[in-house]
>>> print(open('final14.txt').read())   # compact mmCIF, C-alpha atoms
# COMPACT_ATOMS: atom_id res chain seq x y z
CA MET S 909 0.00 0.00 0.00
CA ASP S 910 2.83 2.38 0.89
CA ALA S 911 4.55 1.64 -2.41
CA GLN S 912 1.36 2.43 -4.32
CA GLU S 913 0.96 5.72 -2.43
CA ASP S 914 4.56 6.62 -3.22
CA ARG S 915 3.97 5.95 -6.92
CA THR S 916 0.82 8.10 -6.86
CA LYS S 917 2.65 10.93 -5.10
CA SER S 918 5.58 10.69 -7.52
CA SER S 919 3.20 10.82 -10.50
CA ALA S 920 1.45 13.89 -9.10
CA GLU S 921 4.75 15.66 -8.50
CA SER S 922 5.86 14.79 -12.04
CA GLY S 923 2.64 16.30 -13.39
CA LYS S 924 3.30 19.53 -11.50
CA ARG S 925 6.79 19.68 -12.97
CA ARG S 926 5.36 19.21 -16.43
CA HIS S 927 3.12 22.24 -16.06
CA PRO S 928 3.10 24.79 -13.22
CA HIS S 929 -0.59 25.68 -13.70
CA THR S 930 -1.88 22.12 -13.38
CA ALA S 931 -3.16 22.59 -9.83
CA ALA S 932 -4.09 26.28 -10.06
CA ASP S 933 -7.76 27.31 -9.82
CA ARG S 934 -7.13 30.61 -11.58
CA ILE S 935 -4.24 32.16 -13.39
CA SER S 936 -3.25 35.76 -14.01
CA LEU S 937 -3.09 36.69 -17.69
CA LYS S 938 -0.52 39.35 -16.85
CA GLU S 939 1.72 36.82 -15.14
CA ALA S 940 1.27 34.27 -17.92
CA LEU S 941 2.28 36.77 -20.62
CA GLY S 942 5.20 38.01 -18.58
CA GLY S 943 6.46 34.63 -17.39
CA GLU S 944 7.61 31.40 -18.99
CA ALA S 945 4.59 30.80 -21.23
CA THR S 946 5.14 30.52 -24.96
CA ASP S 947 1.44 30.46 -25.87
CA VAL S 948 -1.82 31.46 -24.21
CA HIS S 949 -5.16 30.25 -25.61
CA LEU S 950 -8.14 32.32 -24.44
CA PHE S 951 -11.76 31.23 -24.62
CA PRO S 952 -13.86 34.29 -23.70
CA ALA S 953 -17.40 34.03 -22.40
CA GLY S 954 -20.31 35.44 -24.35
CA SER S 955 -20.63 36.15 -28.06
CA SER S 956 -17.98 37.55 -30.36
CA THR S 957 -19.38 41.08 -30.41
CA PRO S 958 -16.98 43.64 -28.88
CA GLU S 959 -19.58 45.21 -26.57
CA ASP S 960 -19.96 41.88 -24.75
CA ALA S 961 -16.47 42.28 -23.18
CA PRO S 962 -15.22 38.89 -24.45
CA LEU S 963 -12.52 38.53 -21.78
CA SER S 964 -14.92 38.63 -18.88
CA ALA S 965 -15.15 35.21 -17.23
CA ALA S 966 -12.67 33.86 -19.73
CA LYS S 967 -11.00 30.45 -19.63
CA ALA S 968 -7.43 29.80 -20.77
CA ARG S 969 -4.92 27.13 -21.62
CA VAL S 970 -1.24 28.01 -21.17
CA ARG S 971 1.68 26.32 -22.92
CA ILE S 972 4.98 26.17 -21.05
CA GLY S 973 7.99 24.15 -22.16
CA GLY S 974 6.03 22.69 -25.06
CA VAL S 975 3.31 21.33 -22.75
CA LEU S 976 -0.26 22.68 -23.01
CA GLY S 977 -1.94 23.04 -19.62
CA PRO S 978 -5.54 22.31 -18.65
CA LEU S 979 -8.49 24.66 -19.11
CA THR S 980 -8.32 27.18 -16.26
CA ALA S 981 -10.16 30.34 -15.23
CA VAL S 982 -8.17 33.48 -15.98
CA ASP S 983 -8.04 37.01 -14.61
CA ALA S 984 -7.76 39.50 -17.47
CA ASP S 985 -5.53 41.84 -15.42
CA VAL S 986 -3.47 43.16 -18.34
CA ASP S 987 -2.92 46.66 -19.69
CA GLY S 988 -6.09 48.35 -20.94
CA GLU S 989 -4.58 48.96 -24.36
CA LEU S 990 -4.15 45.22 -24.87
CA ILE S 991 -7.73 44.59 -23.76
CA ALA S 992 -8.91 47.16 -26.31
CA LEU S 993 -6.93 45.45 -29.09
CA LEU S 994 -8.32 42.04 -28.16
CA ASN S 995 -11.85 43.47 -28.19
CA ASN S 996 -11.39 45.39 -31.45
CA PRO S 997 -8.46 43.88 -33.37
CA PRO S 998 -7.06 45.78 -36.38
CA LYS S 999 -7.19 42.49 -38.31
CA PRO S 1000 -7.53 38.79 -37.44
CA ASP S 1001 -3.73 38.36 -37.16
CA PHE S 1002 -1.71 41.15 -35.60
CA SER S 1003 1.19 41.79 -33.26
CA THR S 1004 1.58 44.17 -30.35
CA GLY S 1005 3.88 44.93 -27.45
CA LEU S 1006 3.57 44.88 -23.68
CA PRO S 1007 4.75 47.78 -21.48
CA SER S 1008 7.71 45.56 -20.55
CA GLY S 1009 8.82 45.52 -24.18
CA ARG S 1010 7.87 41.88 -24.79
CA ARG S 1011 6.14 41.25 -28.12
CA LEU S 1012 2.95 39.27 -28.70
CA ARG S 1013 1.58 37.70 -31.88
CA VAL S 1014 -2.19 37.44 -31.71
CA ALA S 1015 -4.67 35.45 -33.81
CA ILE S 1016 -8.40 35.96 -33.21
CA ARG S 1017 -10.91 33.53 -34.67
CA THR S 1018 -14.64 32.98 -34.43
CA VAL S 1019 -16.19 29.53 -34.09
CA CYS S 1020 -19.63 27.99 -34.55
CA SER S 1021 -20.69 30.48 -37.23
CA GLY S 1022 -19.53 33.48 -35.24
CA ILE S 1023 -21.32 32.82 -31.96
CA ALA S 1024 -18.05 32.67 -29.98
CA ARG S 1025 -14.45 33.65 -30.38
CA GLU S 1026 -11.07 32.16 -29.54
CA ILE S 1027 -7.85 34.12 -29.02
CA PHE S 1028 -4.40 32.62 -29.54
CA ILE S 1029 -1.44 34.59 -28.21
CA ARG S 1030 2.17 33.68 -29.00
CA VAL S 1031 4.55 35.17 -26.43
CA LEU S 1032 7.88 36.09 -28.02
CA PRO S 1033 11.17 36.31 -26.11
CA GLU S 1034 12.06 39.77 -24.77
CA THR S 1035 15.25 39.75 -26.84
CA ILE S 1036 15.96 37.93 -30.08
CA PRO S 1037 17.75 34.68 -29.18
CA PRO S 1038 21.19 34.46 -30.87
CA VAL S 1039 20.24 31.30 -32.73
CA PHE S 1040 22.28 32.04 -35.81
CA GLY S 1041 25.46 32.41 -33.76
CA LYS S 1042 25.13 28.77 -32.72
CA LEU S 1043 24.51 27.68 -36.31
CA ALA S 1044 27.22 29.81 -37.92
CA HIS S 1045 29.71 26.92 -38.13
CA LEU S 1046 27.17 24.97 -40.19
CA LEU S 1047 26.27 27.96 -42.39
CA PRO S 1048 29.43 30.08 -42.75
CA GLU S 1049 28.28 31.64 -46.03
CA LEU S 1050 25.21 33.12 -44.31
CA ALA S 1051 27.35 35.00 -41.80
CA SER S 1052 27.84 37.50 -44.64
CA VAL S 1053 25.29 39.06 -46.97
CA THR S 1054 25.51 36.42 -49.70
CA PRO S 1055 23.18 36.78 -52.71
CA GLY S 1056 20.89 33.80 -53.14
CA LEU S 1057 17.85 32.07 -51.71
CA VAL S 1058 17.53 30.30 -48.36
CA LEU S 1059 14.31 28.33 -47.74
CA VAL S 1060 13.26 27.67 -44.14
CA SER S 1061 10.59 25.16 -43.12
CA GLY S 1062 9.04 23.87 -39.92
CA ILE S 1063 5.65 23.58 -38.26
CA THR S 1064 3.99 26.55 -36.56
CA GLY S 1065 5.85 27.44 -33.39
CA SER S 1066 9.01 25.53 -34.26
CA GLY S 1067 11.16 28.67 -34.30
CA LYS S 1068 11.33 29.76 -37.95
CA SER S 1069 10.64 33.44 -37.22
CA THR S 1070 13.15 33.45 -34.37
CA LEU S 1071 15.83 32.01 -36.65
CA LEU S 1072 15.16 34.58 -39.37
CA ALA S 1073 15.16 37.43 -36.84
CA SER S 1074 18.52 36.22 -35.56
CA VAL S 1075 19.93 36.14 -39.10
CA ALA S 1076 18.53 39.64 -39.70
CA MET S 1077 20.31 40.97 -36.60
CA ARG S 1078 23.57 39.48 -37.87
CA HIS S 1079 23.13 41.26 -41.21
CA LEU S 1080 22.30 44.52 -39.43
CA GLU S 1081 25.64 44.23 -37.64
CA LEU S 1082 27.26 44.06 -41.08
CA GLY S 1083 25.60 47.34 -42.09
CA ALA S 1084 22.92 45.82 -44.31
CA HIS S 1085 19.54 47.31 -45.15
CA VAL S 1086 17.13 44.52 -44.22
CA VAL S 1087 13.59 44.57 -45.62
CA THR S 1088 11.03 42.17 -44.17
CA VAL S 1089 7.54 41.30 -45.42
CA GLU S 1090 5.60 39.64 -42.58
CA ASP S 1091 2.08 38.75 -41.50
CA PRO S 1092 2.19 40.03 -38.84
CA VAL S 1093 5.47 41.71 -37.85
CA GLU S 1094 6.75 39.74 -34.87
CA TYR S 1095 10.21 40.83 -33.68
CA LEU S 1096 11.12 44.51 -33.99
CA LEU S 1097 14.55 44.65 -35.62
CA HIS S 1098 16.42 47.59 -34.18
CA SER S 1099 19.62 48.03 -32.24
CA LYS S 1100 21.71 51.03 -31.26
CA THR S 1101 24.87 49.00 -31.76
CA THR S 1102 24.30 48.02 -35.41
CA THR S 1103 25.22 50.09 -38.44
CA GLY S 1104 22.45 48.70 -40.65
CA TYR S 1105 18.72 49.24 -40.35
CA ALA S 1106 15.50 47.35 -41.03
CA SER S 1107 12.34 48.29 -42.94
CA GLN S 1108 9.55 46.01 -41.75
CA ARG S 1109 6.36 45.74 -43.80
CA GLU S 1110 3.18 44.09 -42.54
CA VAL S 1111 0.82 42.42 -44.99
CA GLY S 1112 -2.60 44.05 -44.86
CA LEU S 1113 -1.32 47.27 -43.33
CA ASP S 1114 1.85 48.32 -45.18
CA VAL S 1115 1.59 46.14 -48.28
CA PRO S 1116 -1.44 44.37 -49.81
CA ASP S 1117 0.18 40.92 -50.01
CA PHE S 1118 3.50 39.09 -49.84
CA ALA S 1119 4.17 39.22 -53.58
CA SER S 1120 3.60 42.99 -53.76
CA GLY S 1121 5.77 43.50 -50.68
CA VAL S 1122 8.69 41.62 -52.25
CA LYS S 1123 8.35 43.45 -55.60
CA MET S 1124 8.15 46.85 -53.88
CA SER S 1125 11.22 46.06 -51.77
CA LEU S 1126 13.41 45.84 -54.87
CA ARG S 1127 13.12 49.62 -55.25
CA GLU S 1128 14.17 50.26 -51.66
CA ASP S 1129 17.89 49.45 -52.10
CA PRO S 1130 17.79 46.34 -49.87
CA ASP S 1131 20.70 44.04 -49.11
CA THR S 1132 18.68 41.34 -47.36
CA ILE S 1133 15.01 40.50 -47.92
CA ILE S 1134 13.05 38.30 -45.52
CA VAL S 1135 9.73 36.88 -46.71
CA GLY S 1136 7.46 35.67 -43.92
CA GLU S 1137 5.79 32.99 -46.02
CA ILE S 1138 5.65 31.79 -49.61
CA ARG S 1139 2.15 30.53 -50.17
CA ASP S 1140 1.42 31.19 -53.86
CA ARG S 1141 3.02 31.34 -57.30
CA GLU S 1142 3.25 35.14 -57.42
CA THR S 1143 5.23 35.31 -54.19
CA ALA S 1144 7.49 32.42 -55.25
CA LEU S 1145 8.32 34.13 -58.55
CA ALA S 1146 8.89 37.52 -56.88
CA THR S 1147 11.21 35.86 -54.34
CA LEU S 1148 13.09 34.12 -57.14
CA THR S 1149 13.59 37.41 -58.97
CA ALA S 1150 14.83 39.09 -55.80
CA ALA S 1151 17.44 36.36 -55.31
CA GLU S 1152 18.53 36.61 -58.95
CA THR S 1153 19.10 40.35 -58.74
CA GLY S 1154 21.85 40.18 -56.14
CA HIS S 1155 19.97 40.09 -52.84
CA ALA S 1156 20.24 37.74 -49.88
CA VAL S 1157 16.71 36.35 -49.62
CA PHE S 1158 15.30 34.26 -46.77
CA ALA S 1159 11.79 32.81 -46.96
CA THR S 1160 9.67 30.28 -45.09
CA VAL S 1161 7.84 27.52 -46.91
CA HIS S 1162 5.41 24.96 -45.50
CA ALA S 1163 7.15 21.66 -46.14
CA GLY S 1164 8.17 18.51 -44.32
CA GLY S 1165 11.93 18.95 -44.49
CA CYS S 1166 14.92 20.52 -46.25
CA PHE S 1167 14.35 18.57 -49.43
CA GLY S 1168 10.61 19.15 -49.23
CA THR S 1169 11.10 22.94 -49.40
CA VAL S 1170 12.58 22.58 -52.87
CA ASP S 1171 9.77 20.30 -54.02
CA ARG S 1172 7.18 22.71 -52.58
CA PHE S 1173 8.82 25.73 -54.21
CA LEU S 1174 8.94 24.00 -57.59
CA SER S 1175 5.26 23.05 -57.28
CA LEU S 1176 4.40 26.70 -56.60
CA VAL S 1177 6.28 28.13 -59.59
CA GLY S 1178 4.73 25.54 -61.90
CA GLY S 1179 5.97 22.99 -64.40
CA ASN S 1180 8.19 25.31 -66.46
CA GLU S 1181 11.72 23.91 -66.79
CA PHE S 1182 13.09 27.44 -67.02
CA GLU S 1183 11.86 28.20 -63.48
CA ALA S 1184 13.66 25.09 -62.21
CA MET S 1185 16.87 26.34 -63.82
CA ARG S 1186 16.38 29.71 -62.16
CA LEU S 1187 15.96 28.08 -58.74
CA ALA S 1188 19.04 25.89 -59.27
CA GLY S 1189 21.08 29.01 -59.95
CA VAL S 1190 20.17 30.88 -56.75
CA TYR S 1191 19.38 28.18 -54.18
CA LEU S 1192 21.89 28.39 -51.31
CA CYS S 1193 20.46 26.07 -48.69
CA GLY S 1194 17.42 24.77 -46.87
CA ILE S 1195 16.88 24.79 -43.10
CA HIS S 1196 14.24 22.67 -41.41
CA VAL S 1197 13.38 23.38 -37.76
CA THR S 1198 11.66 20.93 -35.42
CA SER S 1199 10.88 21.41 -31.73
CA ASN S 1200 10.05 18.95 -28.97
CA PRO S 1201 9.34 19.47 -25.27
CA ALA S 1202 12.04 18.21 -22.94
CA GLU S 1203 12.23 17.81 -19.17
CA GLU S 1204 15.41 18.16 -17.17
CA LYS S 1205 15.23 17.81 -13.40
CA GLN S 1206 12.44 20.24 -12.42
CA GLY S 1207 12.76 22.52 -15.43
CA LEU S 1208 10.78 22.62 -18.67
CA PHE S 1209 12.73 23.04 -21.89
CA VAL S 1210 12.27 22.84 -25.65
CA ASP S 1211 14.74 21.01 -27.86
CA ARG S 1212 15.00 22.65 -31.29
CA THR S 1213 16.72 20.67 -34.00
CA TYR S 1214 18.07 22.42 -37.09
CA GLU S 1215 18.63 20.29 -40.18
CA ILE S 1216 20.71 21.95 -42.89
CA PHE S 1217 20.97 21.12 -46.58
CA ARG S 1218 23.57 23.16 -48.44
CA SER S 1219 23.49 23.30 -52.20
CA ASN S 1220 26.25 21.74 -54.31
CA ASP S 1221 26.74 20.67 -57.92
CA ALA S 1222 24.71 17.47 -57.44
CA ALA S 1223 21.86 19.40 -55.80
CA ARG S 1224 21.75 21.94 -58.61
CA THR S 1225 21.56 19.13 -61.16
CA HIS S 1226 18.63 17.49 -59.35
CA ILE S 1227 16.81 20.84 -59.07
CA ARG S 1228 17.26 21.57 -62.80
CA ASP S 1229 15.88 18.11 -63.53
CA ARG S 1230 12.98 18.74 -61.12
CA SER S 1231 14.05 15.60 -59.21
CA ALA S 1232 13.73 16.91 -55.68
CA HIS S 1233 13.11 13.36 -54.45
CA ARG S 1234 16.77 12.63 -55.24
CA LEU S 1235 18.26 15.55 -53.34
CA TRP S 1236 19.22 13.31 -50.42
CA GLN S 1237 21.87 11.81 -52.70
CA ALA S 1238 23.67 15.16 -52.74
CA ARG S 1239 24.37 14.77 -49.02
CA LEU S 1240 25.81 11.25 -49.19
CA GLY S 1241 29.22 10.89 -47.58
CA THR S 1242 28.73 13.75 -45.10
CA SER S 1243 28.63 13.34 -41.34
CA GLU S 1244 25.42 14.20 -39.45
CA LYS S 1245 27.35 16.64 -37.25
CA ASP S 1246 27.94 18.74 -40.38
CA TRP S 1247 24.26 19.24 -41.09
CA LYS S 1248 22.29 18.72 -37.88
CA LEU S 1249 22.30 20.54 -34.54
CA THR S 1250 20.01 20.41 -31.49
CA ILE S 1251 19.76 23.42 -29.17
CA ARG S 1252 17.98 23.31 -25.80
CA SER S 1253 16.15 26.45 -24.70
>>> encode(input="final14.txt", output="structure tokens")
Amino acid sequence: MDAQEDRTKSSAESGKRRHPHTAADRISLKEALGGEATDVHLFPAGSSTPEDAPLSAAKARVRIGGVLGPLTAVDADVDGELIALLNNPPKPDFSTGLPSGRRLRVAIRTVCSGIAREIFIRVLPETIPPVFGKLAHLLPELASVTPGLVLVSGITGSGKSTLLASVAMRHLELGAHVVTVEDPVEYLLHSKTTTGYASQREVGLDVPDFASGVKMSLREDPDTIIVGEIRDRETALATLTAAETGHAVFATVHAGGCFGTVDRFLSLVGGNEFEAMRLAGVYLCGIHVTSNPAEEKQGLFVDRTYEIFRSNDAARTHIRDRSAHRLWQARLGTSEKDWKLTIRS
């Protein structure tokens, strides 16, 4: 009996370590946004109309260390400006800042034909993590402003935006003019210690769409262009042109891996062999990011794994032939330590 009680107690303590809010009756939204949470899901009471004060009697789920906590009552004790934005958002997806300087990415959705709303808040780090510095030995050519195209993939929340923001800060240190096209703008790229500067455009507010944002950026004397997402043919072609005209271009693509980004890009630009030749000429590398929750002692961590695929003569041949399924052959003979790195955060 004692052994069984010990196992039960140990299991309960393990559950508390997995998520600090497991046993809490209520949580403070202010504390959640200012603490260790990476995501906060809000389920307001009442209908989706602003006058119904959707955060009154709200429920929430909080994600910490990759683990999503249980549904819990929440006190909406945050700054009034944030409450106003959540009640009357400028658009369904937007970003904002807290008085502390921390940035939030917010997505507001209605459910059940508009009778209720859900709010999803991504809490960004207070400072841009120096991810690229840890990857520089795998990607030495990206430590400088090298013309060409880098395609980044990974599921939502894996760390794609953080990686690109870290690369952008490196290029700002080199004196580059960095133009970003995002939806929404997440990290604010500015530093008093860098000689370069960033022009950040938000889709729906500063530019009508990604493709227009990329095309317009070419007349802004950019060195580096960061495209938040390639989701259609027009954006893919505009990104390709930007890379061909001497710019360092970084873009995210929804794909299942480094090789999948190439296949996805080729499917977006269409079946024209000329477009495949264009991609082969500018493709520098692919980066795929995955994240998994990890537990160490009593702490909660996230392991992020970066898989790198750098272009070479064999890769360019496969891309020209539209044989992305054979790209893995271009990496034969290389050690995993040369193209894969896991970072715990």
>>> closest_residue(input="final14.txt", among="S:Met1185, S:Ala1076, S:Val1161, S:Leu941", to="Phe1028 in chain S", atoms="only C-alpha atoms")
S:Leu941
>>> closest_atom_pairs(input="final14.txt", of="range 1025-1058 of chain S", to="range 962-975 of chain S", cutoff="10 Å", atoms="only C-alpha atoms", output="tab-separated table")
residue	atom	partner	partner_atom	distance
S:Arg1025	CA	S:Pro962	CA	8.0
S:Glu1026	CA	S:Pro962	CA	9.4
S:Ile1027	CA	S:Ala968	CA	9.3
S:Phe1028	CA	S:Arg969	CA	9.7
S:Ile1029	CA	S:Val970	CA	9.6
S:Arg1030	CA	S:Arg971	CA	9.6
S:Val1031	CA	S:Arg971	CA	9.9
>>> residues_around(input="final14.txt", residues="Arg1109 in chain S", least_positions_apart="4", cutoff="8 Å", atoms="all atoms listed in the file", output="ChimeraX atom specification")
/S:1087-1090,1093,1113-1115,1121
>>> closest_residue(input="final14.txt", among="S:Ala992, S:Ile1133, S:Leu1192, S:Leu950", to="Ile1016 in chain S", atoms="all atoms listed in the file")
S:Leu950
>>> atom_distance(input="final14.txt", atom1="CA of Lys1042 in chain S", atom2="CA of Arg1078 in chain S")
12.0 Å
>>> atom_distance(input="final14.txt", atom1="CA of Leu993 in chain S", atom2="CA of Ile935 in chain S")
20.7 Å
>>> atom_distance(input="final14.txt", atom1="CA of Leu1080 in chain S", atom2="CA of Thr1102 in chain S")
5.7 Å
>>> residues_around(input="final14.txt", residues="Ser1253 in chain S", least_positions_apart="3", cutoff="12 Å", atoms="all atoms listed in the file", output="list in words")
Glu944, Thr946, Ile972, Gly973, Gly974, Pro1033, Pro1037, Pro1038, Val1039, Ser1066, Gly1067, Ser1199, Asn1200, Pro1201, Ala1202, Glu1203, Glu1204, Gly1207, Leu1208, Phe1209, Val1210, Asp1211, Arg1212, Thr1213 and Thr1250 of chain S
>>> write_last_selection(input="final14.txt", atoms="C-alpha atoms", output="PDB file, keeping the file's coordinate frame")
ATOM      1  CA  GLU S 944       7.610  31.400 -18.990  1.00  0.00           C
ATOM      2  CA  THR S 946       5.140  30.520 -24.960  1.00  0.00           C
ATOM      3  CA  ILE S 972       4.980  26.170 -21.050  1.00  0.00           C
ATOM      4  CA  GLY S 973       7.990  24.150 -22.160  1.00  0.00           C
ATOM      5  CA  GLY S 974       6.030  22.690 -25.060  1.00  0.00           C
ATOM      6  CA  PRO S1033      11.170  36.310 -26.110  1.00  0.00           C
ATOM      7  CA  PRO S1037      17.750  34.680 -29.180  1.00  0.00           C
ATOM      8  CA  PRO S1038      21.190  34.460 -30.870  1.00  0.00           C
ATOM      9  CA  VAL S1039      20.240  31.300 -32.730  1.00  0.00           C
ATOM     10  CA  SER S1066       9.010  25.530 -34.260  1.00  0.00           C
ATOM     11  CA  GLY S1067      11.160  28.670 -34.300  1.00  0.00           C
ATOM     12  CA  SER S1199      10.880  21.410 -31.730  1.00  0.00           C
ATOM     13  CA  ASN S1200      10.050  18.950 -28.970  1.00  0.00           C
ATOM     14  CA  PRO S1201       9.340  19.470 -25.270  1.00  0.00           C
ATOM     15  CA  ALA S1202      12.040  18.210 -22.940  1.00  0.00           C
ATOM     16  CA  GLU S1203      12.230  17.810 -19.170  1.00  0.00           C
ATOM     17  CA  GLU S1204      15.410  18.160 -17.170  1.00  0.00           C
ATOM     18  CA  GLY S1207      12.760  22.520 -15.430  1.00  0.00           C
ATOM     19  CA  LEU S1208      10.780  22.620 -18.670  1.00  0.00           C
ATOM     20  CA  PHE S1209      12.730  23.040 -21.890  1.00  0.00           C
ATOM     21  CA  VAL S1210      12.270  22.840 -25.650  1.00  0.00           C
ATOM     22  CA  ASP S1211      14.740  21.010 -27.860  1.00  0.00           C
ATOM     23  CA  ARG S1212      15.000  22.650 -31.290  1.00  0.00           C
ATOM     24  CA  THR S1213      16.720  20.670 -34.000  1.00  0.00           C
ATOM     25  CA  THR S1250      20.010  20.410 -31.490  1.00  0.00           C
TER      26      THR S1250
END
>>> build_atoms(input="final14.txt", residues="range 1229-1248 of chain S", atoms="N, CA and C atoms", output="mmCIF file, keeping the file's coordinate frame")
data_model
loop_
_atom_site.group_PDB
_atom_site.id
_atom_site.type_symbol
_atom_site.label_atom_id
_atom_site.label_comp_id
_atom_site.auth_asym_id
_atom_site.auth_seq_id
_atom_site.Cartn_x
_atom_site.Cartn_y
_atom_site.Cartn_z
ATOM 1 N N ASP S 1229 16.642 19.233 -62.989
ATOM 2 C CA ASP S 1229 15.880 18.110 -63.530
ATOM 3 C C ASP S 1229 14.529 17.932 -62.846
ATOM 4 N N ARG S 1230 14.212 18.818 -61.900
ATOM 5 C CA ARG S 1230 12.980 18.740 -61.120
ATOM 6 C C ARG S 1230 12.867 17.380 -60.421
ATOM 7 N N SER S 1231 14.005 16.893 -59.912
ATOM 8 C CA SER S 1231 14.050 15.600 -59.210
ATOM 9 C C SER S 1231 14.362 15.839 -57.741
ATOM 10 N N ALA S 1232 13.493 16.591 -57.080
ATOM 11 C CA ALA S 1232 13.730 16.910 -55.680
ATOM 12 C C ALA S 1232 13.781 15.667 -54.806
ATOM 13 N N HIS S 1233 13.112 14.592 -55.233
ATOM 14 C CA HIS S 1233 13.110 13.360 -54.450
ATOM 15 C C HIS S 1233 14.491 12.709 -54.403
ATOM 16 N N ARG S 1234 15.420 13.185 -55.233
ATOM 17 C CA ARG S 1234 16.770 12.630 -55.240
ATOM 18 C C ARG S 1234 17.784 13.531 -54.533
ATOM 19 N N LEU S 1235 17.327 14.604 -53.953
ATOM 20 C CA LEU S 1235 18.260 15.550 -53.340
ATOM 21 C C LEU S 1235 19.064 14.926 -52.201
ATOM 22 N N TRP S 1236 18.497 13.949 -51.522
ATOM 23 C CA TRP S 1236 19.220 13.310 -50.420
ATOM 24 C C TRP S 1236 20.551 12.731 -50.893
ATOM 25 N N GLN S 1237 20.632 12.386 -52.178
ATOM 26 C CA GLN S 1237 21.870 11.810 -52.700
ATOM 27 C C GLN S 1237 23.010 12.824 -52.695
ATOM 28 N N ALA S 1238 22.641 14.112 -52.729
ATOM 29 C CA ALA S 1238 23.670 15.160 -52.740
ATOM 30 C C ALA S 1238 24.339 15.313 -51.379
ATOM 31 N N ARG S 1239 23.792 14.663 -50.349
ATOM 32 C CA ARG S 1239 24.370 14.770 -49.020
ATOM 33 C C ARG S 1239 25.077 13.483 -48.609
ATOM 34 N N LEU S 1240 25.137 12.508 -49.502
ATOM 35 C CA LEU S 1240 25.810 11.250 -49.190
ATOM 36 C C LEU S 1240 27.288 11.492 -48.900
ATOM 37 N N GLY S 1241 27.805 10.766 -47.913
ATOM 38 C CA GLY S 1241 29.220 10.890 -47.580
ATOM 39 C C GLY S 1241 29.532 11.955 -46.558
ATOM 40 N N THR S 1242 28.510 12.708 -46.112
ATOM 41 C CA THR S 1242 28.730 13.750 -45.100
ATOM 42 C C THR S 1242 28.301 13.239 -43.736
ATOM 43 N N SER S 1243 28.956 13.730 -42.699
ATOM 44 C CA SER S 1243 28.630 13.340 -41.340
ATOM 45 C C SER S 1243 27.442 14.145 -40.826
ATOM 46 N N GLU S 1244 26.603 13.510 -39.975
ATOM 47 C CA GLU S 1244 25.420 14.200 -39.450
ATOM 48 C C GLU S 1244 25.791 15.448 -38.674
ATOM 49 N N LYS S 1245 26.943 15.461 -38.020
ATOM 50 C CA LYS S 1245 27.350 16.640 -37.250
ATOM 51 C C LYS S 1245 27.597 17.849 -38.136
ATOM 52 N N ASP S 1246 27.729 17.632 -39.451
ATOM 53 C CA ASP S 1246 27.940 18.740 -40.380
ATOM 54 C C ASP S 1246 26.629 19.344 -40.875
ATOM 55 N N TRP S 1247 25.500 18.693 -40.562
ATOM 56 C CA TRP S 1247 24.260 19.240 -41.090
ATOM 57 C C TRP S 1247 23.088 19.162 -40.094
ATOM 58 N N LYS S 1248 23.379 18.815 -38.848
ATOM 59 C CA LYS S 1248 22.290 18.720 -37.880
ATOM 60 C C LYS S 1248 22.775 19.192 -36.521
#
